[in-house]
Structures are given as structure tokens and as C-alpha cells.
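Enquirer: I have a structure here, written as C-alpha cells, and I will follow up with some questions on it.
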Amino acid sequence: MKLFSSVNDVANINYLVKEALELKKNPFAFQHLGKNKTIGLVFMNPSLRTRMSTQKAATNLGMNVMVLNIDKEGWALELRDGVKMDGTSVEHIREAAAVMGQYVDILGLRSFPSLKDREADYGEEIFNKFVELCGVPVISLESATRHPLQSLADLITIEELKTKPRPKVVLSWAPHVKALPQAVPNSFSEWMCKADVDFTIAHPAGLELSEEFTQGANITHNQQSALADADFIYVKNWSAFEPYGKVIPSHEDWMLTNDKLRITNNAKVMHCLPVRRDLELSAEILDGPNSIVIKEASNREWAAQAVLKQMLESL
Amino acid sequence: MKLFSSVNDVANINYLVKEALELKKNPFAFQHLGKNKTIGLVFMNPSLRTRMSTQKAATNLGMNVMVLNIDKEGWALELRDGVKMDGTSVEHIREAAAVMGQYVDILGLRSFPSLKDREADYGEEIFNKFVELCGVPVISLESATRHPLQSLADLITIEELKTKPRPKVVLSWAPHVKALPQAVPNSFSEWMCKADVDFTIAHPAGLELSEEFTQGANITHNQQSALADADFIYVKNWSAFEPYGKVIPSHEDWMLTNDKLRITNNAKVMHCLPVRRDLELSAEILDGPNSIVIKEASNREWAAQAVLKQMLESL
Amino acid sequence: MKLFSSVNDVANINYLVKEALELKKNPFAFQHLGKNKTIGLVFMNPSLRTRMSTQKAATNLGMNVMVLNIDKEGWALELRDGVKMDGTSVEHIREAAAVMGQYVDILGLRSFPSLKDREADYGEEIFNKFVELCGVPVISLESATRHPLQSLADLITIEELKTKPRPKVVLSWAPHVKALPQAVPNSFSEWMCKADVDFTIAHPAGLELSEEFTQGANITHNQQSALADADFIYVKNWSAFEPYGKVIPSHEDWMLTNDKLRITNNAKVMHCLPVRRDLELSAEILDGPNSIVIKEASNREWAAQAVLKQMLESL
């Protein structure tokens, strides 16, 4: 694997999940692969799970890790081409990306969307420029429109905990006070549409995701009908795709509670974290037996390790 | 050892000191213990000595180290239970602690007190929540009320440099312009009360430490009488326990000088650092032959390594 | 080598370049040298290339690396002697430097100049205090007046790409909107004056570098005459040495363009990076065949590794 930016970069998602679960049983079996190999983890935004799990996964594989918080430790980046750099940005992304690629064998990059310029965000301008210019394999640590390591961990978790061959999985929109990216729901949706699950998306009117990511999903504005008989509920807020980045207020009743779980198949509740308690998701669920959010976060390690293993094998 | 938060977590402090001094002679003898083990060092506050010495100690033992400056690199944490998270905090400590524990074998945590809410600080709410929720052994990198790695390094240093079986050790309050925590003096006091030393605390009236930490110490408001025949003087500022966090002004004459050393037994002068020169402690002492502050800082490495070795042995 | 702060610390620059080029061919051949050795990389200022390349070089040699962004992760440092520390600085450089030296075998330090106090900057007060107090070998990661790892990488690059025994190398001043240090041009100049090249410096009147660094260079205010037949052009802005730190405006025509390259010997164009596109250097050159800035950045790894190798050999 030379690039991991979306489900489309994966030859066989079932095989990748299987490999992740094998690595989970035997994390240190492939340290020869990473010997004298270095991954650079470049963060333009905060990160806890991605930062720690990817670092751990690389170390499990015997790699060296260099972390760069480029927003704090490096130079202010210019992202636009064709500008005279006489303002506050000190280094152009063209040089920064090419230089970083000189010192690492694999580059991980986190770059959030602006939520202001949809064309730039959905064109993945920053992420794609790194891919184009750095000259080494790139792994997404969440880009403007996708979070594939999260989605892979989600699929691993469903695979581990499902009690029937084809579980019902529901992506259920959740309330929030801030405009959040669509990266996690986009990504979750495109992975679920390729996985062996019965997949439904529930959200209020006006919060449709881009159709690019939802081909094959059932989509409804009725949360209750979606939750009926659900085996897994994936809770997540996102802001509107159209008008881009808008926060849709007055949907506090979309927050998942124990009461709403009654019509499900004793559904397991997922969230990518961080989660705002009693706003996005009720504390009673997070602290109760149906929540699998910590296990899901834990599987981030094996998702990252499976992807890095395939990348190392193709170096 | 499954927890290192205070002297009470140590079965035998003399044995721990002895082990530290043996590691100092032979730092790399136990690298098999840490192989494929990872420590996460989580900082909610600045750190120099603790950061570097603990990282070095873990590396000496063959461990992998992941550092997380959670205040800058992660998400703003919510510490209170039972709140609807519709403000500025993005992640609850419950999820953050549980998630971090998934990726590490041992977790180190630094969390300073607020100095505003004594009940919360002395209840060690943040530190204890990590211990409760992370699911792995925890080592304190300084919490609201204690700094046990510092105190262990202090005891190692006294053991190394003492010239009599039971030296006189004086904790002498020092002036400052800011409200500082009581963690270092609390911790030093409870370690000294269990060590084989003659221990005195000297401070102006109104700066009594919590009695929980000072059982067995001689306590005086007369600095001169305390210093008489002292073998070791531990200089440190702290703010008041009652009224909590108050800075007591007008005690500049408590700063230790060469002149004050005359009545001591050519006392060695200690400070945990960072130290404000010519405010807490005179430059003439820091630059003179009686100061052992750098040796004391150096012993932080062996303190951390002795504790981590015991933790690794009990994994 | 016990100190790497300038070209004067190098016994034989040709041998060092040769060693770097051999390490480039065989990066992992000397991992026994760094086993159980630790380098501390201390940054008082931002860094991308130096941070990553030095970290990588140390890892190639089998060393452990600890990075400290002291401006963000440590304590506010007091740099002046003889002051009562009752202001905002929390720790004196005397203690900080001595303490850091306790935990590492080699210390790397980046400390930019103030550009306000020329005597302090050119006295290298911060860097020299670390050298004096830390007690271990020190490698400059760019100090107030020099950037020797950059200059060594530059010389390696010239050695690799030159097509004649004694190429013509031109340091050509470039426009900028901010006051930048003289460290890179100072350092480049003193290395070139010792290397086997024909060296010319071109800059507008009023931007003379300190003569300490330019002995043996041809110096001109006529950019065009300097560029004639040049084999390598090193583009760099700097602020005035006298009056110190002044930005000299109205020299936008000094920016290098493809048109200006016509009179050169198809010159290769260098820059230490970060570079401001279309202000310091035209995008057409950076994106064209004459630019070797990425190769130059890449050679930072081998420069650092050659220096660290010599330091490890002398421990």
C-alpha cells in the first residue's frame, strides 16, 4: 500500500480487518519490517487517539517515530500557490512537504478542513499536496473529508462484537454547539457501504452528507425507525454540507439515551471520540453496558498497525 | 508496585533508595524488563526535570516512551461529572483517561492544583480519576498535593551525601512573589518523617502545612533555631494551606544566605528547582560549594528508574 | 569533537564532508556508537529541518532522542546574571543548562538572536552559557550568529553537484519584509572561505556582514557582476549588522529570477529554507530545474550524522 487516504486505497477490507485482529493477538511479530524505518507524524491540529495509537502501532512494528506539531513547532505554512509571501506565513507547503519526505519512510498527516471553502476542503488541497510532493507513502491521520484509520477501527470493532453475520448498523446524527467536519461520518459511511452490514444513516433534514460517500446506504430523517432492531449505533455530530459548515440548531432531541435503546437489538453504541457528554451522547449510555467507545478507541492501534504493515511490505 | 503517588505506596523506602543507587552504577542492566513496554508521559503543566529524567529512566530500562502535552496537543478536558458539555471543553477526563490506558503499559501524569478549591485539590480529583479509569499502573509526575519522584530523589541525595547515620534535615520556607503549590513540601515532609533523619520544618506563622503530611516533624517559626547544626537544608516556597493559596508577604528575610549557613554543620543546600535566584535562594549559595541542587536534579533519573523497575516487575 | 558551534571547531572540513557522503551511502553502519547514548534537542525557537534531520541522524546512529521545546514545555528562562528573579521568568539558564546536561550525553541547542542587543547576540551569551554549564558536548542547532549544520549541509551539496574542481559560489542577498538574523549568511560565508571554492558575496550597500565571517570573500554591491559565470547561487536575506537588525527596504529587484540566471553557468540555486516564494526567491526558480533546495535540505541529515558520529567517537 502506497497511500491510505480512503477505503478506495484498500484492496480488500475484509483481509485488512483480519490482519488487524491477528496483529492484536501478536503485536510484536513483525518488528523486522520496521527496523531502521522512520515514520513522521505531522499534526496541523490537536490529536489524542490518533497520535498515541499510530505512534504505538509504529513502535510495535519496530519503526522509529518522529512527531511534528507543525502548527506549534514549525513555521506558519502558506497553502496557496501563486502568492507573493509578504504576509505572516513563513514557509510554503510545497517546500515543507518535499523536505519532510526526505527524512522519513512513511508520512502521516492530519489536516482538518476550514469548513469555509467547500471546494478547497472537498478537493483535499492540503492532503493531496503532501501526497503529491513528499515522495513517500502517506497515511491519513484525518483529512478534510475522511478519517480512514477511525473507520477501519470501527469496522474491526463491529467484526469483533457482532453476533450475527450481517448486523444492522445505524449512523445517527447527534447535536452539538460547534460546526464539526463531515470527515468521520463521510468515512464511516463509505466503509460501511463496502462492508457486510445493513447500513442506515439517520439525520435531521438539511444534514445530508455528500452523495459521494453514501452510495448504498439507507437514509432517513426518522431516528426512531432507524434505531429499530439496530445492532450497532454510531453516534456523531456533523455540520451541514449545504450550506457548507452550517450548524443546524434545535435538534437536542436527537441525543441518544437509554430510553431510545429500548427498540434496538440491545445495540452497542459507538463514537469516535472526543465526545461531549450529555450534549452529543448521554452520560448514562457512556457509563453503561452498551457503550463500546473505549474498545473502539483501543482498536485504533490495530487499525494503524495493519495499514503500516502493508505499507512497510510495499516499501 | 501498581501505583506510585506517595510514600505510602512504597513497601520499603530504604530498599527503594538502595535499588536506585545500584541502578545509578549500572543503568542498562535491566533493559529486558522494558522490552516492548510503553510508558505514556502525560503533562497538563510545564516540566523540565520530570520530563527529561523520567523519559531517560524509561529508556534506560528498554521501554518506549510517548509524551503527550495534553494541554497543548490534545483536547481541552472537562474534569467535572454531571455537566452538559456545551462550553469550551471538548473531551471528558473519563474518556481521555480510559483511552490513554489502552495504548500504554504504564501511565505517568502531571496535574498541578488550582490553588482555588482546596477540597478538590486535596481530594486529588484529577489524579485519582486517572488512576481509577486508565486501567494501568500510574506514576505521579507531581499531582496537586505531592511530588513523590522528587522526594525519592531527595532522599537518595541525602543518603549519598550524609556524613552521619542520622543527619539533621531542615525544610526551610522561602519567599516568593507567586502562589505556589504545597506539593513539594508536603511530599518532602512525609518522606522525611519516614526516613532515618532528624527532621525540622521552619516557616513563618500562618504557613502551616496540612498535618496529614507532617506527623513526626519538629515545626518551628524560628528559622535560626531550626538551622542550628543542620546537615541538609531543603529550601522551598509554598503558599498558605489556610486561607488556601494565599501568598504571605513581608518575609524576604527568610531567604537563605551564606551568612545564615554559619550556624549550620556546613549544611548542604537543596532545592527541587526551578528556583528564583535572589528571591527564594541567594545566588551566592547556588553558585557556591554548599549547593547540591544539580546533583539532586541528577538523581531524579535514578528515582524514576527505581520506581519504573518495580512497576515493570509487577506487570 | 566536543563542540560544534562553527567551522573553527572542525579539524578538517574536507574529511567531514567525505564522512557525511559515506554515511549517506550506508546510514546504519555505526549504530553501535550510539547504543545507550542520548541526545537532548533543546529548541528555544521553531524548527522543521533541523528538528527532523538531527533526530533522524541520531536515530541512524542508534541513539535515543529527547526533544524539549523549552519555550513551550519548560519554564520561562532568565538569561541575565545578577538579577533578583521577582518577575515572570521562573528558572535561570544556569540551573536549566546544568540540569539538562545530567540527563543526556550530547546536547543540541537552538537559540535565535534578539536582533536588538548586538553585543549580547554576537557574544553568543545564551549558547555559550549552555556550553559552559551543561558539562556535555554541545551541537549548535543554530545560534545567534551561526548555523553550522546548515553550512556543512551546503558544502556537502556543493561537493556532490559541482562539475569543476573549484566552482564559483555566490551568496546573493534577497529581499524580505521582516528582520532576519545574519546567522545563516555569516556561517555560510565562513565555511566557504575555508572551502575550495571561488566565493563572492553580493548585497546592497549597508548590508555588510561582520568582517569576522567574510575574510577571503569577494564582496560587491553589484548583483549582476557577481552572478556572471556562477556555478552555485546561495540566496538569503539578512538584516543589517549596522545599524543592527535594520530592514533595508526598496531592494525588491534583488530577487533572483530565471532571467538573471542567463549570465550564470546554468547555476544551481540554493536556499536554507524556509523561503518566502516570490519575495526572497521566485517561484519559477523554486519549481524549475535549477533549484537544489530540497536536495540541500536532504543533506542536513548527513551533516548532522557526520558531526554526531565524531562526537560519539570522542565521548
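Just so we're on the same page: first chain in the C-alpha cells is A, next is B, and so on; residues restart at 1 for each chain, and ligands are numbered from 1 in the order they show up.
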For range 33-84 of chain C versus range 23-39 of chain A, which residues have an atom no more than 10 Å away, and what is each residue's nearest atom pair and distance in Å rounded to one decimal, using only C-alpha atoms, chain-then-number order, as a Markdown table?
Expert:
```
| residue | atom | partner | partner_atom | distance |
| --- | --- | --- | --- | --- |
| C:Lys56 | CA | A:Thr38 | CA | 8.0 |
| C:Thr59 | CA | A:Asn36 | CA | 8.4 |
| C:Asn60 | CA | A:Asn36 | CA | 7.3 |
| C:Gly62 | CA | A:Asn36 | CA | 9.4 |
```
Enquirer: Using only C-alpha atoms, what does the table of chain C residues within 6 Å of chain B look like, with each row giving the shortest atom pair and its distance in Å to one decimal, sorted by chain and ascending number, as JSON lines?
Expert:
```
{"residue": "C:Glu73", "atom": "CA", "partner": "B:Pro46", "partner_atom": "CA", "distance": 5.0}
{"residue": "C:Gly74", "atom": "CA", "partner": "B:Pro46", "partner_atom": "CA", "distance": 5.0}
{"residue": "C:Lys84", "atom": "CA", "partner": "B:Asp278", "partner_atom": "CA", "distance": 4.8}
{"residue": "C:Met85", "atom": "CA", "partner": "B:Arg276", "partner_atom": "CA", "distance": 5.2}
{"residue": "C:Glu91", "atom": "CA", "partner": "B:Pro274", "partner_atom": "CA", "distance": 5.0}
{"residue": "C:Val99", "atom": "CA", "partner": "B:Ile294", "partner_atom": "CA", "distance": 6.0}
{"residue": "C:Gln102", "atom": "CA", "partner": "B:Ser298", "partner_atom": "CA", "distance": 5.4}
```
Enquirer: DSSP on the backbone: what in range 35-114 of chain B comes out alpha helix (DSSP H), as a CSV table (one decimal) with C-alpha atoms, in the first residue's frame?
Expert:
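That gives us selection01.csv:
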```csv
chain,number,residue,atom,x,y,z
B,49,ARG,CA,13.4,17.7,35.1
B,50,THR,CA,10.5,15.4,35.4
B,51,ARG,CA,10.0,15.2,31.7
B,52,MET,CA,13.6,14.5,30.9
B,53,SER,CA,14.6,12.3,33.8
B,54,THR,CA,11.5,10.0,33.6
B,55,GLN,CA,12.0,9.7,29.8
B,56,LYS,CA,15.6,8.8,30.3
B,57,ALA,CA,14.9,6.4,33.1
B,58,ALA,CA,12.3,4.6,31.0
B,59,THR,CA,14.7,4.4,28.1
B,60,ASN,CA,17.5,3.0,30.3
B,70,ILE,CA,-2.3,17.3,26.7
B,71,ASP,CA,-2.8,21.0,27.4
B,72,LYS,CA,-1.4,21.8,24.0
B,73,GLU,CA,-1.5,18.8,21.8
B,93,ILE,CA,-11.4,13.2,31.6
B,94,ARG,CA,-13.4,9.9,31.9
B,95,GLU,CA,-12.9,9.1,28.2
B,96,ALA,CA,-9.4,10.6,28.0
B,97,ALA,CA,-8.0,8.6,30.9
B,98,ALA,CA,-9.6,5.3,29.8
B,99,VAL,CA,-8.4,5.8,26.2
B,100,MET,CA,-4.8,6.6,27.2
B,101,GLY,CA,-4.6,3.4,29.3
B,102,GLN,CA,-5.4,1.4,26.1
B,103,TYR,CA,-2.1,2.4,24.5
```
Enquirer: Taking only C-alpha atoms into account, name the residue in B:Leu227, B:Leu207, B:Leu141, B:Ala306 that is nearest to Leu171 in chain B.
Expert: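 Nearest candidate to Leu171 in chain B out of B:Leu227, B:Leu207, B:Leu141, B:Ala306: B:Leu227.
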Enquirer: Taking into account only C-alpha atoms, which residue in the set A:Ile13, A:Leu109, A:Ala226, A:Ala217 is nearest to His203 in chain A?
Expert: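 Ranking A:Ile13, A:Leu109, A:Ala226, A:Ala217 by distance to His203 in chain A, first place goes to A:Ala226.
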Enquirer: What separation in Å, quoted to one decimal, exists between CA of Glu119 in chain A and CA of Pro249 in chain A?
Expert: 24.3 Å
Enquirer: If we count only C-alpha atoms and set the cut-off at 8 Å, which residues sit around range 163-167 of chain B, ignoring sequence neighbours fewer than 3 positions away in its own chain? Please answer as a PDB file with N, CA and C atoms, in the first residue's frame.
Expert:
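Below you can see around-v6.pdb, which holds the result:
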```pdb
ATOM      1  N   ASP B 196      15.258   7.844  58.089  1.00  0.00           N
ATOM      2  CA  ASP B 196      16.074   7.839  59.303  1.00  0.00           C
ATOM      3  C   ASP B 196      16.846   9.151  59.420  1.00  0.00           C
ATOM      4  N   VAL B 197      16.091  10.231  59.627  1.00  0.00           N
ATOM      5  CA  VAL B 197      16.686  11.568  59.779  1.00  0.00           C
ATOM      6  C   VAL B 197      15.996  12.298  60.925  1.00  0.00           C
ATOM      7  N   ASP B 198      16.680  13.330  61.407  1.00  0.00           N
ATOM      8  CA  ASP B 198      16.117  14.243  62.408  1.00  0.00           C
ATOM      9  C   ASP B 198      15.524  15.423  61.639  1.00  0.00           C
ATOM     10  N   ALA B 230      22.304  22.141  61.359  1.00  0.00           N
ATOM     11  CA  ALA B 230      21.666  21.398  60.268  1.00  0.00           C
ATOM     12  C   ALA B 230      22.715  20.784  59.340  1.00  0.00           C
ATOM     13  N   ASP B 231      22.438  19.565  58.857  1.00  0.00           N
ATOM     14  CA  ASP B 231      23.304  18.918  57.864  1.00  0.00           C
ATOM     15  C   ASP B 231      22.796  19.142  56.440  1.00  0.00           C
ATOM     16  N   PHE B 232      21.482  19.189  56.297  1.00  0.00           N
ATOM     17  CA  PHE B 232      20.855  19.449  54.998  1.00  0.00           C
ATOM     18  C   PHE B 232      19.750  20.495  55.190  1.00  0.00           C
TER      19      PHE B 232
END
```
Enquirer: Can you work out the spacing between CA of Met66 in chain C and CA of Asn8 in chain C in Å, to one decimal?
Expert: 27.3 Å
Enquirer: By how many Å are CA of Val131 in chain B and CA of Gln150 in chain A apart?
Expert: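 Those two atoms sit 26.5 Å apart.
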Enquirer: Give the strand (DSSP E) residues of range 24-170 of chain A, as assigned by DSSP on the backbone, as number ranges by chain.
Expert: A: 38-43, 64-69, 77-78, 91-92, 106-110, 138-140, 168-170
Enquirer: Those residues with N, CA and C atoms, as a PDB file, in the first residue's frame please?
Expert:
```pdb
ATOM      1  N   THR A  38      11.514   4.915   9.477  1.00  0.00           N
ATOM      2  CA  THR A  38      11.020   6.028  10.286  1.00  0.00           C
ATOM      3  C   THR A  38       9.698   6.538   9.742  1.00  0.00           C
ATOM      4  N   ILE A  39       8.742   6.737  10.637  1.00  0.00           N
ATOM      5  CA  ILE A  39       7.502   7.412  10.255  1.00  0.00           C
ATOM      6  C   ILE A  39       7.495   8.802  10.880  1.00  0.00           C
ATOM      7  N   GLY A  40       7.095   9.772  10.088  1.00  0.00           N
ATOM      8  CA  GLY A  40       6.887  11.128  10.593  1.00  0.00           C
ATOM      9  C   GLY A  40       5.397  11.361  10.768  1.00  0.00           C
ATOM     10  N   LEU A  41       4.989  11.764  11.961  1.00  0.00           N
ATOM     11  CA  LEU A  41       3.579  12.045  12.217  1.00  0.00           C
ATOM     12  C   LEU A  41       3.420  13.563  12.322  1.00  0.00           C
ATOM     13  N   VAL A  42       2.781  14.126  11.319  1.00  0.00           N
ATOM     14  CA  VAL A  42       2.690  15.576  11.212  1.00  0.00           C
ATOM     15  C   VAL A  42       1.273  16.025  11.548  1.00  0.00           C
ATOM     16  N   PHE A  43       1.173  16.831  12.592  1.00  0.00           N
ATOM     17  CA  PHE A  43      -0.140  17.291  13.041  1.00  0.00           C
ATOM     18  C   PHE A  43      -0.299  18.788  12.797  1.00  0.00           C
ATOM     19  N   ASN A  64      10.964   3.687  13.999  1.00  0.00           N
ATOM     20  CA  ASN A  64      11.217   4.921  14.734  1.00  0.00           C
ATOM     21  C   ASN A  64      10.123   5.927  14.406  1.00  0.00           C
ATOM     22  N   VAL A  65       9.791   6.751  15.370  1.00  0.00           N
ATOM     23  CA  VAL A  65       8.710   7.717  15.196  1.00  0.00           C
ATOM     24  C   VAL A  65       9.220   9.134  15.455  1.00  0.00           C
ATOM     25  N   MET A  66       8.905  10.027  14.541  1.00  0.00           N
ATOM     26  CA  MET A  66       9.145  11.453  14.787  1.00  0.00           C
ATOM     27  C   MET A  66       7.804  12.172  14.711  1.00  0.00           C
ATOM     28  N   VAL A  67       7.477  12.913  15.748  1.00  0.00           N
ATOM     29  CA  VAL A  67       6.222  13.655  15.788  1.00  0.00           C
ATOM     30  C   VAL A  67       6.511  15.124  15.545  1.00  0.00           C
ATOM     31  N   LEU A  68       5.754  15.746  14.667  1.00  0.00           N
ATOM     32  CA  LEU A  68       5.905  17.177  14.424  1.00  0.00           C
ATOM     33  C   LEU A  68       4.545  17.864  14.543  1.00  0.00           C
ATOM     34  N   ASN A  69       4.414  18.698  15.556  1.00  0.00           N
ATOM     35  CA  ASN A  69       3.229  19.550  15.678  1.00  0.00           C
ATOM     36  C   ASN A  69       3.504  20.804  14.869  1.00  0.00           C
ATOM     37  N   LEU A  77       2.554  27.900   7.695  1.00  0.00           N
ATOM     38  CA  LEU A  77       2.569  27.424   6.312  1.00  0.00           C
ATOM     39  C   LEU A  77       1.686  28.257   5.392  1.00  0.00           C
ATOM     40  N   GLU A  78       2.189  28.499   4.194  1.00  0.00           N
ATOM     41  CA  GLU A  78       1.391  29.078   3.112  1.00  0.00           C
ATOM     42  C   GLU A  78       0.855  27.929   2.279  1.00  0.00           C
ATOM     43  N   GLU A  91       6.642  29.599   5.465  1.00  0.00           N
ATOM     44  CA  GLU A  91       7.115  28.518   4.587  1.00  0.00           C
ATOM     45  C   GLU A  91       5.967  28.027   3.730  1.00  0.00           C
ATOM     46  N   HIS A  92       6.251  27.699   2.477  1.00  0.00           N
ATOM     47  CA  HIS A  92       5.212  27.201   1.591  1.00  0.00           C
ATOM     48  C   HIS A  92       5.076  25.690   1.765  1.00  0.00           C
ATOM     49  N   ILE A 106       7.744   6.868   5.769  1.00  0.00           N
ATOM     50  CA  ILE A 106       6.286   6.987   5.648  1.00  0.00           C
ATOM     51  C   ILE A 106       5.894   8.280   6.353  1.00  0.00           C
ATOM     52  N   LEU A 107       4.930   8.984   5.761  1.00  0.00           N
ATOM     53  CA  LEU A 107       4.483  10.233   6.369  1.00  0.00           C
ATOM     54  C   LEU A 107       3.009  10.129   6.756  1.00  0.00           C
ATOM     55  N   GLY A 108       2.689  10.446   8.004  1.00  0.00           N
ATOM     56  CA  GLY A 108       1.304  10.556   8.440  1.00  0.00           C
ATOM     57  C   GLY A 108       0.940  12.022   8.549  1.00  0.00           C
ATOM     58  N   LEU A 109      -0.262  12.374   8.147  1.00  0.00           N
ATOM     59  CA  LEU A 109      -0.645  13.792   8.154  1.00  0.00           C
ATOM     60  C   LEU A 109      -2.069  13.972   8.647  1.00  0.00           C
ATOM     61  N   ARG A 110      -2.238  14.892   9.570  1.00  0.00           N
ATOM     62  CA  ARG A 110      -3.563  15.336   9.997  1.00  0.00           C
ATOM     63  C   ARG A 110      -3.779  16.766   9.542  1.00  0.00           C
ATOM     64  N   VAL A 138       1.962   7.931   2.119  1.00  0.00           N
ATOM     65  CA  VAL A 138       1.282   8.812   3.067  1.00  0.00           C
ATOM     66  C   VAL A 138       0.099   8.086   3.683  1.00  0.00           C
ATOM     67  N   ILE A 139      -0.045   8.244   5.000  1.00  0.00           N
ATOM     68  CA  ILE A 139      -1.182   7.695   5.714  1.00  0.00           C
ATOM     69  C   ILE A 139      -1.964   8.857   6.311  1.00  0.00           C
ATOM     70  N   SER A 140      -3.261   8.874   6.047  1.00  0.00           N
ATOM     71  CA  SER A 140      -4.103   9.952   6.578  1.00  0.00           C
ATOM     72  C   SER A 140      -4.332   9.768   8.067  1.00  0.00           C
ATOM     73  N   LYS A 168     -27.197  -4.957  11.759  1.00  0.00           N
ATOM     74  CA  LYS A 168     -27.739  -3.658  11.355  1.00  0.00           C
ATOM     75  C   LYS A 168     -26.936  -2.553  12.041  1.00  0.00           C
ATOM     76  N   VAL A 169     -26.348  -1.680  11.232  1.00  0.00           N
ATOM     77  CA  VAL A 169     -25.511  -0.584  11.732  1.00  0.00           C
ATOM     78  C   VAL A 169     -26.188   0.735  11.379  1.00  0.00           C
ATOM     79  N   VAL A 170     -26.345   1.610  12.388  1.00  0.00           N
ATOM     80  CA  VAL A 170     -27.005   2.902  12.170  1.00  0.00           C
ATOM     81  C   VAL A 170     -26.055   4.032  12.518  1.00  0.00           C
TER      82      VAL A 170
END
```
Enquirer: Mind checking which residues fall within 10 Å of Lys2 in chain A, counting only C-alpha atoms, ignoring those fewer than 2 positions away in the same chain, and posting them as a ChimeraX atom specification?
Expert: /A:4-5,9,106,131,136-139,307-308,310-315
Enquirer: Name all residues at most 8 Å from Ser151 in chain B (count only C-alpha atoms; drop same-chain ones fewer than 2 positions away) and give them as a ChimeraX atom specification.
Expert: /B:147-149,153-155,184,187-188,191
Enquirer: Please produce a file of those selected residues containing C-alpha atoms, as an mmCIF file, in the first residue's frame.
Expert:
```
data_model
loop_
_atom_site.group_PDB
_atom_site.id
_atom_site.type_symbol
_atom_site.label_atom_id
_atom_site.label_comp_id
_atom_site.auth_asym_id
_atom_site.auth_seq_id
_atom_site.Cartn_x
_atom_site.Cartn_y
_atom_site.Cartn_z
ATOM 1 C CA HIS B 147 5.667 15.148 44.148
ATOM 2 C CA PRO B 148 6.925 11.717 45.182
ATOM 3 C CA LEU B 149 9.596 11.261 42.469
ATOM 4 C CA ALA B 153 15.408 11.763 44.586
ATOM 5 C CA ASP B 154 15.866 13.996 47.629
ATOM 6 C CA LEU B 155 16.184 11.008 49.922
ATOM 7 C CA VAL B 184 6.821 19.549 47.136
ATOM 8 C CA SER B 187 5.769 15.276 49.898
ATOM 9 C CA PHE B 188 9.255 16.007 51.215
ATOM 10 C CA TRP B 191 9.124 11.109 53.130
#
```
